[in-house]
>>> print(open('work_36.cif').read())   # mmCIF, C-alpha atoms
data_protein
loop_
_atom_site.group_PDB
_atom_site.id
_atom_site.type_symbol
_atom_site.label_atom_id
_atom_site.label_comp_id
_atom_site.auth_asym_id
_atom_site.auth_seq_id
_atom_site.Cartn_x
_atom_site.Cartn_y
_atom_site.Cartn_z
ATOM 1 C CA MET A 3 112.709 96.346 68.110
ATOM 2 C CA LEU A 4 109.565 94.646 69.404
ATOM 3 C CA PRO A 5 110.224 92.534 72.520
ATOM 4 C CA GLU A 6 108.883 88.979 72.470
ATOM 5 C CA TRP A 7 106.617 89.555 75.455
ATOM 6 C CA LEU A 8 104.817 92.389 73.650
ATOM 7 C CA LYS A 9 103.510 89.923 71.077
ATOM 8 C CA PRO A 10 100.214 88.129 71.827
ATOM 9 C CA LYS A 11 100.444 84.870 73.774
ATOM 10 C CA THR A 12 98.935 81.867 72.039
ATOM 11 C CA GLY A 13 98.245 78.198 72.744
ATOM 12 C CA THR A 14 99.162 76.691 76.088
ATOM 13 C CA ARG A 15 101.126 79.837 77.004
ATOM 14 C CA ARG A 16 97.762 81.463 77.698
ATOM 15 C CA LEU A 17 96.567 78.711 80.031
ATOM 16 C CA ALA A 18 96.796 79.612 83.717
ATOM 17 C CA TYR A 19 96.431 76.971 86.417
ATOM 18 C CA LEU A 20 94.576 78.483 89.387
ATOM 19 C CA ALA A 21 96.364 77.392 92.566
ATOM 20 C CA HIS A 22 94.114 78.038 95.544
ATOM 21 C CA PRO A 23 92.915 76.117 98.616
ATOM 22 C CA HIS A 24 89.961 73.758 98.449
ATOM 23 C CA ARG A 25 88.362 75.813 101.238
ATOM 24 C CA MET A 26 88.150 78.714 98.781
ATOM 25 C CA LYS A 27 86.407 76.752 96.024
ATOM 26 C CA GLU A 28 83.440 79.120 96.104
ATOM 27 C CA MET A 29 85.821 81.865 94.925
ATOM 28 C CA GLY A 30 86.291 79.947 91.688
ATOM 29 C CA ASN A 31 84.250 82.242 89.462
ATOM 30 C CA VAL A 32 85.908 85.313 91.003
ATOM 31 C CA PHE A 33 89.366 83.880 90.277
ATOM 32 C CA GLU A 34 88.428 82.874 86.750
ATOM 33 C CA ASP A 35 87.065 86.332 85.922
ATOM 34 C CA TYR A 36 90.129 87.960 87.481
ATOM 35 C CA VAL A 37 92.722 86.073 85.429
ATOM 36 C CA ARG A 38 90.672 86.351 82.235
ATOM 37 C CA ASN A 39 90.827 90.109 82.707
ATOM 38 C CA LEU A 40 94.632 89.707 82.743
ATOM 39 C CA GLY A 41 94.544 88.001 79.341
ATOM 40 C CA ARG A 42 94.808 84.373 80.481
ATOM 41 C CA GLU A 43 92.516 81.383 80.105
ATOM 42 C CA PRO A 44 91.984 79.879 83.585
ATOM 43 C CA ILE A 45 92.110 76.187 84.452
ATOM 44 C CA ASN A 46 90.346 75.789 87.794
ATOM 45 C CA PRO A 47 91.052 72.533 89.687
ATOM 46 C CA PHE A 48 87.904 73.085 91.752
ATOM 47 C CA ALA A 49 85.525 73.990 88.937
ATOM 48 C CA SER A 50 82.020 74.008 90.355
ATOM 49 C CA GLU A 51 78.484 74.016 89.077
ATOM 50 C CA ARG A 52 76.174 76.937 89.799
ATOM 51 C CA GLY A 53 72.443 76.577 90.209
ATOM 52 C CA LYS A 54 69.930 79.004 88.776
ATOM 53 C CA ASP A 55 69.925 80.773 92.143
ATOM 54 C CA GLY A 56 73.639 81.490 91.724
ATOM 55 C CA LYS A 57 74.702 79.148 94.536
ATOM 56 C CA PHE A 58 77.330 76.451 94.087
ATOM 57 C CA ARG A 59 75.937 72.918 93.948
ATOM 58 C CA LYS A 60 78.976 70.644 93.965
ATOM 59 C CA ASP A 61 82.622 70.377 92.993
ATOM 60 C CA ASN A 62 83.530 68.900 89.650
ATOM 61 C CA ILE A 63 85.477 66.309 91.690
ATOM 62 C CA GLU A 64 84.610 65.483 95.277
ATOM 63 C CA GLU A 65 87.711 65.573 97.506
ATOM 64 C CA GLY A 66 85.883 63.533 100.137
ATOM 65 C CA LEU A 67 85.299 60.733 97.650
ATOM 66 C CA VAL A 68 88.747 60.478 96.022
ATOM 67 C CA GLY A 69 90.860 61.744 98.951
ATOM 68 C CA ARG A 70 93.277 64.628 99.354
ATOM 69 C CA PRO A 71 96.407 62.896 97.949
ATOM 70 C CA ALA A 72 94.559 62.114 94.717
ATOM 71 C CA MET A 73 93.322 65.703 94.441
ATOM 72 C CA LEU A 74 96.830 67.084 94.959
ATOM 73 C CA LYS A 75 98.277 64.680 92.379
ATOM 74 C CA LEU A 76 95.590 65.710 89.904
ATOM 75 C CA GLY A 77 96.340 69.382 90.503
ATOM 76 C CA ILE A 78 100.066 68.904 89.990
ATOM 77 C CA CYS A 79 99.478 66.964 86.766
ATOM 78 C CA THR A 80 96.998 69.562 85.510
ATOM 79 C CA GLN A 81 99.306 72.554 86.057
ATOM 80 C CA ARG A 82 102.013 70.894 83.942
ATOM 81 C CA GLY A 83 99.870 71.518 80.887
ATOM 82 C CA CYS A 84 99.550 75.237 81.644
ATOM 83 C CA GLY A 85 101.922 77.998 80.638
ATOM 84 C CA GLU A 86 101.591 79.629 84.039
ATOM 85 C CA THR A 87 100.512 78.913 87.604
ATOM 86 C CA ASP A 88 98.539 81.683 89.307
ATOM 87 C CA VAL A 89 98.628 81.561 93.129
ATOM 88 C CA LEU A 90 95.500 83.034 94.731
ATOM 89 C CA GLY A 91 95.650 81.633 98.274
ATOM 90 C CA ILE A 92 97.914 79.671 100.607
ATOM 91 C CA SER A 93 97.535 76.056 101.745
ATOM 92 C CA GLU A 94 99.563 72.864 101.940
ATOM 93 C CA GLY A 95 98.386 71.937 98.447
ATOM 94 C CA VAL A 96 99.283 75.317 96.940
ATOM 95 C CA VAL A 97 102.757 75.226 98.486
ATOM 96 C CA GLY A 98 103.213 71.727 97.049
ATOM 97 C CA GLU A 99 102.113 72.872 93.586
ATOM 98 C CA VAL A 100 104.505 75.834 93.653
ATOM 99 C CA ALA A 101 107.384 73.602 94.809
ATOM 100 C CA ASP A 102 106.588 71.112 92.046
ATOM 101 C CA ARG A 103 106.583 73.769 89.340
ATOM 102 C CA LEU A 104 109.900 75.126 90.562
ATOM 103 C CA ASP A 105 111.350 71.634 90.080
ATOM 104 C CA TRP A 106 110.577 71.448 86.364
ATOM 105 C CA ASP A 107 109.975 75.011 85.155
ATOM 106 C CA SER A 108 113.319 76.789 84.912
ATOM 107 C CA GLU A 109 111.603 80.055 83.917
ATOM 108 C CA LYS A 110 109.462 79.999 87.084
ATOM 109 C CA ASN A 111 106.229 80.918 85.324
ATOM 110 C CA ILE A 112 104.393 81.538 88.570
ATOM 111 C CA ARG A 113 102.324 84.620 89.388
ATOM 112 C CA VAL A 114 101.244 85.405 92.946
ATOM 113 C CA PHE A 115 98.079 87.455 93.386
ATOM 114 C CA TYR A 116 97.785 88.448 97.021
ATOM 115 C CA SER A 117 94.886 90.809 96.344
ATOM 116 C CA PRO A 118 93.002 92.189 93.332
ATOM 117 C CA GLY A 119 94.473 95.676 93.807
ATOM 118 C CA PRO A 120 97.005 97.733 95.794
ATOM 119 C CA ASP A 121 94.430 99.071 98.250
ATOM 120 C CA LEU A 122 92.157 96.013 98.454
ATOM 121 C CA PRO A 123 92.097 93.155 100.994
ATOM 122 C CA ALA A 124 93.741 89.806 100.297
ATOM 123 C CA PHE A 125 91.913 87.180 98.262
ATOM 124 C CA ASP A 126 92.709 84.728 101.075
ATOM 125 C CA PRO A 127 91.823 86.099 104.555
ATOM 126 C CA ARG A 128 93.923 83.328 106.101
ATOM 127 C CA TRP A 129 97.006 84.113 104.015
ATOM 128 C CA ASP A 130 99.319 85.087 106.888
ATOM 129 C CA GLU A 131 98.136 82.247 109.103
ATOM 130 C CA GLU A 132 98.561 79.616 106.377
ATOM 131 C CA TRP A 133 101.860 81.130 105.216
ATOM 132 C CA ASP A 134 103.368 80.491 108.647
ATOM 133 C CA ARG A 135 101.670 77.125 109.090
ATOM 134 C CA TRP A 136 103.008 75.560 105.899
ATOM 135 C CA LYS A 137 106.354 77.391 105.905
ATOM 136 C CA ALA A 138 105.503 78.914 102.545
ATOM 137 C CA GLY A 139 108.262 81.474 103.018
ATOM 138 C CA SER A 140 111.038 79.099 102.017
ATOM 139 C CA VAL A 141 109.228 77.946 98.873
ATOM 140 C CA PHE A 142 108.469 81.487 97.755
ATOM 141 C CA ALA A 143 112.016 82.559 98.609
ATOM 142 C CA ALA A 144 113.116 79.958 96.049
ATOM 143 C CA LEU A 145 110.651 81.485 93.596
ATOM 144 C CA ARG A 146 112.090 84.972 94.136
ATOM 145 C CA GLY A 147 115.708 83.815 93.974
ATOM 146 C CA LYS A 148 118.649 85.904 95.175
ATOM 147 C CA ASN A 149 118.577 88.770 92.689
ATOM 148 C CA ARG A 150 116.797 92.034 93.433
ATOM 149 C CA LEU A 151 115.003 94.700 91.418
ATOM 150 C CA ILE A 152 115.611 98.334 92.374
ATOM 151 C CA GLY A 153 112.830 100.678 91.303
ATOM 152 C CA LEU A 154 113.675 104.385 91.122
ATOM 153 C CA VAL A 155 110.646 106.649 91.472
ATOM 154 C CA GLY A 156 110.906 110.304 90.562
ATOM 155 C CA GLY A 157 109.707 112.960 88.143
ATOM 156 C CA ARG A 158 111.350 113.808 84.865
ATOM 157 C CA LEU A 159 114.644 115.699 85.202
ATOM 158 C CA VAL A 160 115.226 114.652 88.822
ATOM 159 C CA GLY A 161 118.202 112.488 87.837
ATOM 160 C CA LYS A 162 116.923 108.901 87.463
ATOM 161 C CA THR A 163 118.954 108.208 84.317
ATOM 162 C CA TYR A 164 122.040 109.716 85.974
ATOM 163 C CA ALA A 165 121.577 107.474 89.030
ATOM 164 C CA ILE A 166 121.050 104.360 86.917
ATOM 165 C CA GLU A 167 124.079 105.000 84.724
ATOM 166 C CA LYS A 168 126.360 105.654 87.711
ATOM 167 C CA ALA A 169 125.134 102.495 89.446
ATOM 168 C CA ILE A 170 125.548 100.264 86.382
ATOM 169 C CA ARG A 171 129.040 101.643 85.745
ATOM 170 C CA GLN A 172 129.997 101.024 89.379
ATOM 171 C CA PHE A 173 128.546 97.548 89.879
ATOM 172 C CA GLY A 174 129.170 96.086 86.435
ATOM 173 C CA ASP A 175 127.763 92.592 85.921
ATOM 174 C CA LYS A 176 125.979 92.713 89.286
ATOM 175 C CA LEU A 177 123.396 95.147 87.922
ATOM 176 C CA LYS A 178 121.528 95.507 84.636
ATOM 177 C CA ARG A 179 119.001 98.079 83.505
ATOM 178 C CA VAL A 180 115.505 96.769 82.806
ATOM 179 C CA ARG A 181 114.222 98.195 79.551
ATOM 180 C CA ASN A 182 110.879 99.963 79.541
ATOM 181 C CA VAL A 183 108.742 100.509 76.439
ATOM 182 C CA THR A 184 107.906 103.962 75.116
ATOM 183 C CA THR A 185 106.410 105.655 72.099
ATOM 184 C CA ARG A 186 108.524 108.812 72.497
ATOM 185 C CA ASP A 187 111.400 109.502 70.103
ATOM 186 C CA SER A 188 114.872 108.278 70.960
ATOM 187 C CA ARG A 189 117.125 111.088 72.190
ATOM 188 C CA ASN A 190 120.341 109.399 71.062
ATOM 189 C CA GLU A 191 121.900 106.012 70.272
ATOM 190 C CA GLN A 192 122.584 105.377 73.973
ATOM 191 C CA ASP A 193 118.883 105.782 74.650
ATOM 192 C CA LYS A 194 118.160 102.669 72.579
ATOM 193 C CA LYS A 195 120.009 100.542 75.128
ATOM 194 C CA TYR A 196 117.542 101.603 77.802
ATOM 195 C CA TYR A 197 114.166 101.525 76.037
ATOM 196 C CA TYR A 198 112.178 99.611 73.472
ATOM 197 C CA PHE A 199 110.894 102.250 71.053
ATOM 198 C CA VAL A 200 107.599 101.235 69.486
ATOM 199 C CA THR A 201 104.781 102.878 67.570
ATOM 200 C CA LYS A 202 101.558 104.010 69.205
ATOM 201 C CA GLU A 203 99.744 101.197 67.387
ATOM 202 C CA GLN A 204 102.180 98.564 68.703
ATOM 203 C CA PHE A 205 101.874 99.904 72.240
ATOM 204 C CA GLU A 206 98.081 99.934 72.141
ATOM 205 C CA ALA A 207 98.101 96.381 70.796
ATOM 206 C CA GLY A 208 100.190 95.467 73.855
ATOM 207 C CA ILE A 209 97.590 97.111 76.102
ATOM 208 C CA LYS A 210 94.868 95.053 74.419
ATOM 209 C CA ASN A 211 96.915 91.876 74.913
ATOM 210 C CA ARG A 212 97.522 92.708 78.628
ATOM 211 C CA ALA A 213 101.268 92.679 78.028
ATOM 212 C CA PHE A 214 102.100 95.478 80.502
ATOM 213 C CA LEU A 215 102.431 95.333 84.246
ATOM 214 C CA GLU A 216 101.606 99.038 84.179
ATOM 215 C CA TYR A 217 101.641 101.912 81.715
ATOM 216 C CA ASP A 218 101.102 105.658 81.635
ATOM 217 C CA ASN A 219 100.691 108.499 79.163
ATOM 218 C CA PRO A 220 101.888 111.555 81.142
ATOM 219 C CA PHE A 221 102.948 113.933 78.366
ATOM 220 C CA GLY A 222 101.199 112.493 75.329
ATOM 221 C CA GLN A 223 103.636 109.580 74.948
ATOM 222 C CA TYR A 224 103.095 106.078 76.294
ATOM 223 C CA HIS A 225 105.510 104.517 78.781
ATOM 224 C CA GLY A 226 105.118 100.999 80.149
ATOM 225 C CA SER A 227 106.889 98.165 81.924
ATOM 226 C CA SER A 228 106.639 94.398 81.761
ATOM 227 C CA LEU A 229 106.975 91.846 84.533
ATOM 228 C CA GLU A 230 108.274 89.362 81.961
ATOM 229 C CA GLU A 231 111.099 91.745 81.040
ATOM 230 C CA ILE A 232 111.889 92.238 84.737
ATOM 231 C CA LYS A 233 111.995 88.501 85.435
ATOM 232 C CA GLN A 234 114.173 87.890 82.403
ATOM 233 C CA VAL A 235 116.801 90.262 83.833
ATOM 234 C CA LEU A 236 116.500 88.850 87.366
ATOM 235 C CA ARG A 237 117.213 85.307 86.174
ATOM 236 C CA SER A 238 120.863 86.288 85.697
ATOM 237 C CA THR A 239 121.547 89.426 87.760
ATOM 238 C CA ASN A 240 120.071 92.302 89.769
ATOM 239 C CA GLY A 241 117.954 94.836 87.920
ATOM 240 C CA ILE A 242 117.323 98.559 88.087
ATOM 241 C CA PHE A 243 114.863 100.820 86.309
ATOM 242 C CA ALA A 244 112.714 103.935 86.612
ATOM 243 C CA ILE A 245 109.021 103.709 87.424
ATOM 244 C CA THR A 246 106.097 105.979 88.254
ATOM 245 C CA PRO A 247 104.298 105.956 91.626
ATOM 246 C CA GLU A 248 101.363 104.076 90.078
ATOM 247 C CA GLY A 249 103.844 101.646 88.573
ATOM 248 C CA ALA A 250 105.422 101.163 91.992
ATOM 249 C CA LYS A 251 102.007 100.244 93.413
ATOM 250 C CA ALA A 252 101.538 97.632 90.692
ATOM 251 C CA LEU A 253 105.071 96.338 91.182
ATOM 252 C CA TYR A 254 104.646 96.105 94.962
ATOM 253 C CA GLN A 255 101.829 93.643 94.285
ATOM 254 C CA CYS A 256 104.540 91.330 92.883
ATOM 255 C CA ARG A 257 106.587 91.243 96.102
ATOM 256 C CA PHE A 258 105.871 87.552 96.718
ATOM 257 C CA GLU A 259 107.419 86.541 93.383
ATOM 258 C CA ILE A 260 110.358 88.954 93.006
ATOM 259 C CA ASN A 261 112.637 90.811 95.445
ATOM 260 C CA ILE A 262 111.947 94.548 95.205
ATOM 261 C CA SER A 263 113.403 97.704 96.736
ATOM 262 C CA PHE A 264 112.134 101.210 95.996
ATOM 263 C CA ILE A 265 114.058 104.478 96.124
ATOM 264 C CA LEU A 266 112.198 107.772 95.825
ATOM 265 C CA LEU A 267 114.308 110.505 94.202
ATOM 266 C CA LYS A 268 113.351 114.018 95.263
ATOM 267 C CA PRO A 269 114.920 117.292 94.109
ATOM 268 C CA GLU A 270 116.440 119.382 96.877
ATOM 269 C CA SER A 271 114.672 122.377 95.339
ATOM 270 C CA ASP A 272 113.009 123.466 92.085
ATOM 271 C CA SER A 273 116.351 124.902 90.964
ATOM 272 C CA VAL A 274 117.701 121.340 90.631
ATOM 273 C CA LEU A 275 115.073 120.582 87.995
ATOM 274 C CA LYS A 276 115.823 123.857 86.203
ATOM 275 C CA ILE A 277 119.537 123.047 86.085
ATOM 276 C CA ASN A 278 118.828 119.552 84.751
ATOM 277 C CA SER A 279 116.358 120.847 82.159
ATOM 278 C CA GLU A 280 118.972 123.252 80.809
ATOM 279 C CA ARG A 281 121.468 120.383 80.577
ATOM 280 C CA ARG A 282 118.927 118.621 78.374
ATOM 281 C CA ASN A 283 118.434 121.777 76.333
ATOM 282 C CA ILE A 284 114.910 122.319 77.639
ATOM 283 C CA LEU A 285 115.022 126.102 77.816
ATOM 284 C CA ASP A 286 111.377 127.146 77.555
ATOM 285 C CA PRO A 287 110.329 128.425 81.034
ATOM 286 C CA GLU A 288 106.758 127.177 80.548
ATOM 287 C CA GLU A 289 107.960 123.686 79.699
ATOM 288 C CA GLN A 290 110.334 123.718 82.671
ATOM 289 C CA GLU A 291 107.469 124.762 84.940
ATOM 290 C CA LYS A 292 105.355 121.897 83.603
ATOM 291 C CA TYR A 293 107.957 119.343 84.710
ATOM 292 C CA ILE A 294 108.490 121.090 88.060
ATOM 293 C CA LYS A 295 104.762 120.993 88.761
ATOM 294 C CA LYS A 296 104.480 117.335 87.703
ATOM 295 C CA ALA A 297 107.384 116.374 89.993
ATOM 296 C CA LYS A 298 105.203 117.198 93.022
ATOM 297 C CA ASP A 299 103.034 114.174 92.170
ATOM 298 C CA PHE A 300 105.915 111.730 92.554
ATOM 299 C CA VAL A 301 105.370 110.396 96.056
ATOM 300 C CA LEU A 302 104.919 106.907 97.470
ATOM 301 C CA PRO A 303 102.347 105.807 100.051
ATOM 302 C CA SER A 304 103.639 104.851 103.484
ATOM 303 C CA ASN A 305 102.532 101.220 103.088
ATOM 304 C CA ILE A 306 105.156 100.711 100.352
ATOM 305 C CA PRO A 307 108.593 100.387 102.021
ATOM 306 C CA HIS A 308 111.055 102.752 100.370
ATOM 307 C CA GLN A 309 114.059 104.966 100.929
ATOM 308 C CA VAL A 310 114.307 108.618 99.941
ATOM 309 C CA LEU A 311 117.289 110.105 98.099
ATOM 310 C CA THR A 312 117.567 113.886 97.804
ATOM 311 C CA MET A 313 119.135 114.938 94.498
ATOM 312 C CA THR A 314 121.174 118.153 94.309
ATOM 313 C CA SER A 315 122.495 118.083 90.740
ATOM 314 C CA THR A 316 126.049 118.125 92.098
ATOM 315 C CA LYS A 317 128.851 115.552 92.123
ATOM 316 C CA ALA A 318 127.801 114.590 95.645
ATOM 317 C CA ASP A 319 124.769 112.830 94.151
ATOM 318 C CA LYS A 320 126.950 110.035 92.790
ATOM 319 C CA VAL A 321 128.285 109.104 96.236
ATOM 320 C CA ARG A 322 124.823 109.093 97.784
ATOM 321 C CA VAL A 323 123.394 107.011 94.941
ATOM 322 C CA LEU A 324 126.090 104.342 95.225
ATOM 323 C CA ASP A 325 125.990 104.305 99.031
ATOM 324 C CA LEU A 326 122.247 103.670 98.948
ATOM 325 C CA ILE A 327 122.259 101.015 96.223
ATOM 326 C CA SER A 328 125.339 99.036 97.298
ATOM 327 C CA PRO A 329 123.765 97.352 100.367
ATOM 328 C CA LEU A 330 120.744 96.282 98.292
ATOM 329 C CA LEU A 331 122.928 94.151 96.025
ATOM 330 C CA ARG A 332 124.384 91.960 98.770
#
>>> encode(input="work_36.cif", output="structure tokens")
Amino acid sequence: MLPEWLKPKTGTRRLAYLAHPHRMKEMGNVFEDYVRNLGREPINPFASERGKDGKFRKDNIEEGLVGRPAMLKLGICTQRGCGETDVLGISEGVVGEVADRLDWDSEKNIRVFYSPGPDLPAFDPRWDEEWDRWKAGSVFAALRGKNRLIGLVGGRLVGKTYAIEKAIRQFGDKLKRVRNVTTRDSRNEQDKKYYYFVTKEQFEAGIKNRAFLEYDNPFGQYHGSSLEEIKQVLRSTNGIFAITPEGAKALYQCRFEINISFILLKPESDSVLKINSERRNILDPEEQEKYIKKAKDFVLPSNIPHQVLTMTSTKADKVRVLDLISPLLR
């Protein structure tokens, strides 16, 4: 089954209103290039003209001439024709535009881009200062809602599926698994509840259409996740799913628009992975060693808040899993 979000966006769904402060108008071309690279067509409220020397000459509309209230009203009206609002800085106007969209857009089609990458500085150097000044926290708390996504990070065979299944069985309607997309074969009928299984061609078309938040190809098969799929789950309940360290970095960039908690699953020893591989009928020692070696790469940087859960492949794992997840769902 091909999820709706994996299909190309068309029409106004591709239009992104660029919400950023007037003081950052000279960043306009940077913002436009950035969101185009994400597969959107930008609508910039502060579109400016560039001279032959590359310097900005004037705004398309002069705020000093028409006044700030008129500019804010124009921005709010303009974003209503766009399928998405992309936040790239904080100001009174941006907070007002986010609050307005939350009033009429039940799906909360708002993206927040704090920086262009996990290890890069913020687009807006005054983000923290302006956040406090305009009490943006309450508006963005409304954007995030009450539900939380729990991302489990860990190598293959460490017990992520086990942890997810135990948690879903324990917490019932309070927790739902977010489905990832993969090109690998389904192991069983139960597996189809947890993944979208697509062809390599369908997956690569999704890459071209910028449909994935992140994706990887660790063992010759694609795996990817979608922010749209995550948000769809979080509209009704808490979510849980497995993700790679690189995926966690990409997901941490979304912390202003969704509530996220990360748990790093680590095997107590290599023997845990060997036991789990045998349970999955992976008996070839070379193949087992491949997964053991790959598991060493599953770490998270210190700047991403996370908890660590040591897996032992014993019944005690269930208690530790539930004890760790339960407080996150309150």
>>> resolve_selection(input="work_36.cif", expression="the PyMOL selection byres ((chain A and resi 153-161) around 9)", output="JSON, numbers by chain")
{"A": [151, 152, 162, 163, 164, 165, 166, 241, 242, 243, 244, 245, 246, 247, 249, 250, 253, 262, 263, 264, 265, 266, 267, 268, 269, 274, 275, 276, 277, 278, 279, 282, 293, 294, 296, 297, 298, 299, 300, 301, 302, 313, 314, 315]}
>>> closest_residue(input="work_36.cif", among="A:Glu28, A:Asp134, A:Glu86, A:Asp218", to="Arg15 (chain A)", atoms="only C-alpha atoms")
A:Glu86
>>> atom_distance(input="work_36.cif", atom1="CA of Glu230 (chain A)", atom2="CA of Ala213 (chain A)")
8.7 Å
>>> closest_residue(input="work_36.cif", among="A:Glu259, A:Glu6, A:Glu203, A:Glu43", to="Val100 (chain A)", atoms="only C-alpha atoms")
A:Glu259
>>> residues_around(input="work_36.cif", residues="region 177-191 of chain A", least_positions_apart="2", cutoff="8 Å", atoms="only C-alpha atoms", output="number ranges by chain")
A: 166, 169-170, 173-175, 193-202, 205, 223-228, 231-232, 235, 239-243
>>> resolve_selection(input="work_36.cif", expression="the PyMOL selection byres ((chain A and resi 78) around 12)", output="PyMOL selection string")
chain A and resi 19-21+47+71-77+79-84+87+95-106
>>> atom_distance(input="work_36.cif", atom1="CA of Asp107 (chain A)", atom2="CA of Val68 (chain A)")
27.9 Å
>>> atom_distance(input="work_36.cif", atom1="CA of Asp286 (chain A)", atom2="CA of Gln192 (chain A)")
24.7 Å
>>> closest_residue(input="work_36.cif", among="A:Arg128, A:His22, A:Arg70, A:Lys148", to="Leu331 (chain A)", atoms="only C-alpha atoms")
A:Lys148
>>> resolve_selection(input="work_36.cif", expression="the PyMOL selection byres ((chain A and resi 145) around 10)", output="ChimeraX atom specification")
/A:100-101,103-104,109-113,139-144,146-148,258-261
